[in-house]
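Here the structure is laid out as structure tokens; the discussion comes afterwards.
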Amino acid sequence: MKAKITLAKEFKIGEIDKRIYGSFIEHLGRAVYGGIYEPGHATADEDGFRQDVIDLVKELNVPVVRYPGGNFVSGYNWEDGVGPVEKRPKRLDLAWETTEPNYFGTNEFMKWCRKANTECMMAVNLGTRGPEEARNLVEYTNHEGGTAYSDLRKSHGYEKPWNVKLWCLGNEMDGPWQMGAKTATEYGRVALEASKVMKWTDNSIETVLCGSSSRHSRTFGEWEATSLDIAYDSIDYVSLHQYYGNHDKDTESFLAQTVELEEFIHSVLCVCDYIKAKKKSKKVINLSFDEWNVWYHARVNPVEKWSMAPEILEDIYTFEDALVVGSMLITLLRHCDRVKVACLAQLVNVIAPIFTKTGGGVFKQTIYYPFEHMSNFGRGVALNPIISCPKHDTKKFTDVPYVESIATYDEEKEKMALFCVNKSLDENVVLDVNLMDFEGYKPVKFISMDGYKAEDLNGFENPFVKPHENNLPDMDGTMLTADLKPFSWNVILLEK
């Protein structure tokens with residue numbers, strides 16, 4: 001099979017906001033306890049943070065991590081997680097029917113962020129609480145001093161403010177499973193008032209309005225339009241959440257689900273721009289895709305009710321999952337002019353690229369690698385690749401291109417990266433890339449993941465699904481030719 005990609009400097013989609021490579025830590029399962037935080041572990045530092053996990057997070061180069069939820073945040077009292085640990089209350093977490101001991105809270109997470117070279121995307125509780133508690137948290141984390149909550153932070157041993165810049169106004173507030181779920185009008189009002197007083201407390205922050213919890217929600221579209229119409233003038237982003245699975249064991253349709261992802265992004269952008277036009281506003285609302293991943297392997301995990309940090313939602317990812325994650329990242333970058341923030345949900349143990357054993361080791365899941373590649377190499381601007389390749393139909397989608405691709409270009413460093421997924425299960429693709437006005441650029445590395453079965457996975461004893469380097473593609477002038485193996489993830493790095 002043959003395919004062709006044409007690239008030029010003027011085919012610019014937009015600047016890539018580094019926060020598009022964000023992730024997520026929720027007080028859920030072993031994400032915190034036994035994940036990023038495990039005092040007594042062989043690698044734990046003086047704060048109880050697992051250094052083996054921090055090392056892998058640094059390799060992923062994650063610029064922002066959303067915290068502390070997720071469904072958890074809609075019943076969370078942030079005051080429970082600050083101050084002397086021995087005085088913190090244990091609470092029932094109704095979201096996941098577990099017990100939250102509050103050994104780990106806001107300041108611990110902020111310290112962890114510093115050590116992991118990342119920043120916090122803080123979520124506030126607009127379920128069981130409201131604007132007052134939200135603005136108090138902004139004062140606690142961001143105000144210099146001389147007020148009740150900034151001085152409370154100082155009394156807890158943190159003299160300097162944390163300066164959290166990005167804030168989620170609740171989580172999935174349309175969902176009946178959410179504590180304090182609301183109608184679109186109810187939510188729009190509370191989100192507006194919360195965002196107002198939070199920004200009055202610190203006018204340097206940005207806020208994210210909750211979009212629908214799913215594209216398939218009954219109120220999808222109407223929810224965005226109603227809540228955004230109310231809160232438009234105060235907020236900066238609208239959130240999207242999307243998980244994909246392969247319940248039907250239909251690999252071709254599973255790989256093709258980015259067709260639906262494209263439609264989802266386009267639909268929400270249409271609503272944002274409709275409200276912009278309706279208000280005759282010059283303000284552009286961008287998107288925060290603050291939950292996305294493959295998630296279906298471990299949706300049902302019976303555990304003891306009210307236990308602490310049980311092993312729930314611990315998906316072990318397959319090779320085909322890695323290809324879908326890579327395809328989803330490509331889709332997000334194709335919309336980087338409007339998708340400014342995205343959070344792979346989640347980071348450790350709970351539907352995550354990093355998996356630990358409590359008291360033991362750690363391994364990289366299959367999905368770790370596409371994320372690592374794009375986060376480290378996919379910087380600068382995104383270029384729209386003009387792709388010519390055969391298409392196919394699956395049981396669920398039509399006209400699906402066999403090759404999915406995006407290119408990035410860092411003009412200052414004179415580097416390029418081309419990311420491709422070959423979705424054909426059994427055919428090589430001979431890929432010709434016309435680099436147009438990128439004279440002098442040569443391939444320096446060709447990385448791929450290929451040759452694995454769809455169901456292959458990694459584990460503590462046998463983490464064998466991993467990328468490898470290939471011979472460099474042929475180069476003739478500005479024409480590059482590469483061989484993409486069937487059912488594969490591919491990264492071609494070029495330098496001038």
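Ordering of the structure tokens sets the chain letters (A, B, ...); residue numbers start at 1 within each chain; ligands are numbered from 1 in the order shown.
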Inset, instruction - Could you give me, as JSON, numbers by chain, each residue of stretch 68-238 of chain A that DSSP assigns to strand (DSSP E) when run on this structure's backbone? - result: {"A": [91, 92, 93, 98, 99, 100, 119, 120, 121, 122, 123, 124, 166, 167, 168, 169, 206, 207, 208, 209, 237, 238]}
Inset, instruction - Within 6 Å of stretch 201-207 of chain A, counting only C-alpha atoms, which residues show up once you throw out same-chain ones fewer than 5 positions away? Write them as a ChimeraX atom specification, please. - result: /A:165-168,235-236
Inset, instruction - For A:Glu320, work out the shell of residues within 8 Å, counting only C-alpha atoms and skipping chain neighbours fewer than 5 positions away, then give it as an MDAnalysis selection string. - result: chainID A and resid 251 255 453:455
For the selection just defined, write its residues with C-alpha atoms to a file, as a PDB file, in the first residue's frame.
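The result, stored in out_11.pdb:
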ATOM      1  CA  THR A 251      -9.965  -3.876  16.314  1.00  0.00           C
ATOM      2  CA  LEU A 255      -8.664   2.108  15.802  1.00  0.00           C
ATOM      3  CA  LYS A 453      -0.395  -8.792  18.560  1.00  0.00           C
ATOM      4  CA  ALA A 454      -3.376  -6.637  19.435  1.00  0.00           C
ATOM      5  CA  GLU A 455      -3.693  -8.229  22.882  1.00  0.00           C
TER       6      GLU A 455
END
Legend entry - Which residue of A:Thr478, A:Asn422, A:Thr398, A:Thr118 approaches A:Asn434 most closely, using only C-alpha atoms: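 Checking each of A:Thr478, A:Asn422, A:Thr398, A:Thr118 against A:Asn434, counting only C-alpha atoms, the winner is A:Thr478.
Neighbouring residues of A:Lys4 at 6 Å or closer, counting only C-alpha atoms and skipping chain neighbours under 5 positions away, are Ile387, Ser388, Leu431, Asp432 and Val433 of chain A.
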Inset, instruction - Could you jot down the atom CA of A:Phe419 to atom CA of A:Asn246 separation for me, Å, one decimal place? - result: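 Pair atom CA of A:Phe419 / atom CA of A:Asn246 returns 23.2 Å.
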So that each row is one residue of stretch 253-328 of chain A with an atom at most 6 Å from stretch 25-46 of chain A, can you give its shortest atom pair and the distance in Å to one decimal, using only C-alpha atoms, rows by chain and rising number, as CSV?
residue,atom,partner,partner_atom,distance
A:Ala309,CA,A:Gly29,CA,4.6
A:Pro310,CA,A:Gly29,CA,5.0
A:Glu311,CA,A:Gly29,CA,5.5
A:Ile312,CA,A:Gly29,CA,5.2
Next, write the just-selected residues to a file, as a compact mmCIF listing (two decimals), in the first residue's frame, keeping N, CA, C and O atoms as the atom set.
# COMPACT_ATOMS: atom_id res chain seq x y z
N ALA A 309 -7.87 3.15 49.52
CA ALA A 309 -7.01 2.95 48.34
C ALA A 309 -7.08 1.53 47.80
O ALA A 309 -6.06 0.86 47.64
N PRO A 310 -8.30 1.04 47.47
CA PRO A 310 -8.40 -0.31 46.91
C PRO A 310 -7.91 -0.34 45.47
O PRO A 310 -7.74 0.69 44.83
N GLU A 311 -7.70 -1.55 44.97
CA GLU A 311 -7.22 -1.72 43.60
C GLU A 311 -8.41 -1.68 42.65
O GLU A 311 -9.00 -2.71 42.31
N ILE A 312 -8.78 -0.48 42.21
CA ILE A 312 -9.91 -0.33 41.28
C ILE A 312 -9.47 0.42 40.03
O ILE A 312 -8.56 1.24 40.07
Contacts of A:Ser375 at 8 Å (only C-alpha atoms; same-chain gap of 5+ positions) as a compact mmCIF listing (two decimals) with C-alpha atoms, in the first residue's frame:
# COMPACT_ATOMS: atom_id res chain seq x y z
CA TYR A 21 0.46 16.95 27.25
CA LEU A 60 6.88 11.74 30.12
CA ASN A 61 7.59 15.48 30.42
CA VAL A 62 4.10 16.23 31.78
Inset, instruction - Could you give me the residues within stretch 46-170 of chain A that DSSP places in helix (DSSP H, G or I), as a ChimeraX atom specification? - result: /A:51-60,71-75,78-81,85-87,106-115,131-142,148-155
Legend entry - Nearest residue to A:Asn376 from the set A:Ile351, A:Ile265, A:Ile20, A:Ala134 (distances using only C-alpha atoms):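 Smallest distance to A:Asn376 is found for A:Ile20.
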Inset, instruction - Find, counting only C-alpha atoms, the residue in A:Lys340, A:His156, A:Lys9, A:Arg114 that gets nearest to A:Val208. - result: A:Lys340
